[in-house]
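Enquirer: Just dropping this structure here.
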Amino acid sequence: MTAPLAAAVVFDHTALLALGAGHRLLSGLVAAAHQEAGRHIYVPALCLAAASADRPALGEHVGALPAMEVVELGYSAATMVGRLVAGAVDWRTAHAVVVAWPDAEWPTGRSVLTGHPDVYRRRGLTAIELPPPR
């Protein structure tokens, strides 16, 4: 399956939960990332922590998929996440926002795959709403 999504996509906690529940489109996207060079799936560590709290086996599943790159929360990201949380952004969302922001590697930013696209769009980010499961 070739998914019509950006070359770089961030899975927030809602996307991870949908993947863990067997969402076929998301499973196909992950499979495509394993087979096609240039496709990147980023998993913010705090999003994985939030999803793993609801689905404990999800962490091991994501960890076994080399195409899903878990983005750690280093010093600069932690301070940015902290500022967002202080400004009333939910902590599960804050790390995805920071990962999606433009940087040297992705100057136009990364798209966020989510069940709550308006949260990210309000911050000027590209958000792709999760399609209903098939």
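To be explicit about the labels: the chains of the structure tokens are called A, B, and onward in the order shown, and within each one the residues are counted from 1, while ligands get numbers from 1 in the order they are shown.
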Sort by chain and increasing residue number a table of all residues of stretch 64-92 of chain A within 6 Å of stretch 30-52 of chain A, each with its closest pair of atoms and their distance in Å to one decimal, counting only C-alpha atoms, and write it as JSON lines.

Expert:
{"residue": "A:Ala67", "atom": "CA", "partner": "A:His34", "partner_atom": "CA", "distance": 5.4}
{"residue": "A:Met68", "atom": "CA", "partner": "A:Ile41", "partner_atom": "CA", "distance": 5.0}
{"residue": "A:Glu69", "atom": "CA", "partner": "A:Tyr42", "partner_atom": "CA", "distance": 4.9}
{"residue": "A:Val70", "atom": "CA", "partner": "A:Val43", "partner_atom": "CA", "distance": 4.5}
{"residue": "A:Val71", "atom": "CA", "partner": "A:Pro44", "partner_atom": "CA", "distance": 4.8}
{"residue": "A:Glu72", "atom": "CA", "partner": "A:Ala45", "partner_atom": "CA", "distance": 5.4}
{"residue": "A:Arg92", "atom": "CA", "partner": "A:Cys47", "partner_atom": "CA", "distance": 5.3}

Enquirer: Using backbone DSSP assignments, extract all helix (DSSP H, G or I) residues from stretch 2-134 of chain A; output them as a PyMOL selection string.

Expert: chain A and resi 13-20+24-35+45-54+58-63+75-86+91-100+117-121

Enquirer: Kindly indicate which residue among A:Leu73, A:Leu58, A:Leu65, A:Leu125 lies nearest to A:Ala18, using only C-alpha atoms for the distances.

Expert: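 Between A:Leu73, A:Leu58, A:Leu65, A:Leu125, the residue approaching A:Ala18 most closely is A:Leu58.
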
Enquirer: Would you mind reading off the distance between atom CA of A:Ser76 and atom CA of A:Val112, one decimal, in Å?

Expert: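 If I compute the distance from atom CA of A:Ser76 to atom CA of A:Val112, I get 20.2 Å.
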
Enquirer: Which residues come within 12 Å of stretch 86-89 of chain A, counting only C-alpha atoms, excluding same-chain residues fewer than 4 positions away, as a list in words?

Expert: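 In the requested format, the answer is Thr79, Met80, Val81, Gly82, Thr93, Ala94, His95, Ala96, Val97, Val98, Val119, Tyr120, Arg122 and Arg123 of chain A.
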
Enquirer: Take the residues just selected and output them with C-alpha atoms as a tab-separated table (two decimals), in the first residue's frame.

Expert:
chain	number	residue	atom	x	y	z
A	79	THR	CA	11.89	23.27	27.77
A	80	MET	CA	9.68	23.91	24.71
A	81	VAL	CA	7.18	21.29	25.87
A	82	GLY	CA	7.21	22.90	29.30
A	93	THR	CA	-0.07	17.01	22.49
A	94	ALA	CA	2.84	19.31	23.40
A	95	HIS	CA	5.62	16.90	22.43
A	96	ALA	CA	3.94	16.20	19.06
A	97	VAL	CA	3.76	19.96	18.44
A	98	VAL	CA	7.48	20.35	19.14
A	119	VAL	CA	-5.38	21.25	18.11
A	120	TYR	CA	-2.41	21.27	15.73
A	122	ARG	CA	-4.39	26.25	15.69
A	123	ARG	CA	-0.61	26.20	16.08

Enquirer: Counting only C-alpha atoms, figure out which residue out of A:Ala77, A:Leu17, A:Val62, A:Val85 gets nearest to A:Trp101.

Expert: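 Smallest distance to A:Trp101 is found for A:Ala77.
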
Enquirer: Counting only C-alpha atoms, which of A:Ala7, A:Ala100, A:Ala127, A:Leu19 gets nearest to A:His61?

Expert: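 Using only C-alpha atoms, the shortest distance to A:His61 belongs to A:Leu19.
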
Enquirer: If I take atom CA of A:Leu25 and atom CA of A:Val10, how far is one from the other in Å, to one decimal?

Expert: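 Atom CA of A:Leu25 sits 15.0 Å away from atom CA of A:Val10.
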
Enquirer: Among chain A, which ones does DSSP assign to strand (DSSP E) (computed from the backbone)? Answer as number ranges by chain.

Expert: A: 8-11, 40-44, 68-71, 111-114, 127-129

Enquirer: Go ahead and save the residues from that selection, with C-alpha atoms, as a PDB file, in the first residue's frame.

Expert:
ATOM      1  CA  ALA A   8       7.503  12.688   7.194  1.00  0.00           C
ATOM      2  CA  VAL A   9       4.602  12.234   9.541  1.00  0.00           C
ATOM      3  CA  VAL A  10       4.268  12.452  13.313  1.00  0.00           C
ATOM      4  CA  PHE A  11       1.978   9.968  15.058  1.00  0.00           C
ATOM      5  CA  HIS A  40       9.580   8.631   7.982  1.00  0.00           C
ATOM      6  CA  ILE A  41       7.263   8.052  10.917  1.00  0.00           C
ATOM      7  CA  TYR A  42       8.131   9.993  14.054  1.00  0.00           C
ATOM      8  CA  VAL A  43       6.770   9.009  17.454  1.00  0.00           C
ATOM      9  CA  PRO A  44       7.201  11.628  20.182  1.00  0.00           C
ATOM     10  CA  MET A  68       8.861   4.173  13.637  1.00  0.00           C
ATOM     11  CA  GLU A  69      11.458   6.514  15.086  1.00  0.00           C
ATOM     12  CA  VAL A  70      10.809   7.389  18.711  1.00  0.00           C
ATOM     13  CA  VAL A  71      11.867  10.992  19.312  1.00  0.00           C
ATOM     14  CA  SER A 111       2.534  16.657   9.324  1.00  0.00           C
ATOM     15  CA  VAL A 112       0.767  15.286  12.401  1.00  0.00           C
ATOM     16  CA  LEU A 113      -1.517  12.289  12.019  1.00  0.00           C
ATOM     17  CA  THR A 114      -4.188  12.703  14.687  1.00  0.00           C
ATOM     18  CA  ALA A 127      -2.589  18.019  10.623  1.00  0.00           C
ATOM     19  CA  ILE A 128      -4.046  14.987   8.907  1.00  0.00           C
ATOM     20  CA  GLU A 129      -7.217  13.690  10.503  1.00  0.00           C
TER      21      GLU A 129
END

Enquirer: So, counting only C-alpha atoms, which residue among A:Glu60, A:Val99, A:Arg55, A:Pro66 is closest to A:Ala78?

Expert: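 Among A:Glu60, A:Val99, A:Arg55, A:Pro66, it is A:Val99 that comes nearest to A:Ala78.
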
Enquirer: Under the rule that only C-alpha atoms are counted, which of A:Ala15, A:Gly115, A:Ala53, A:Gly74 is the nearest residue to A:Ser27?

Expert: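 Ranked by minimum distance to A:Ser27, first place goes to A:Ala15.
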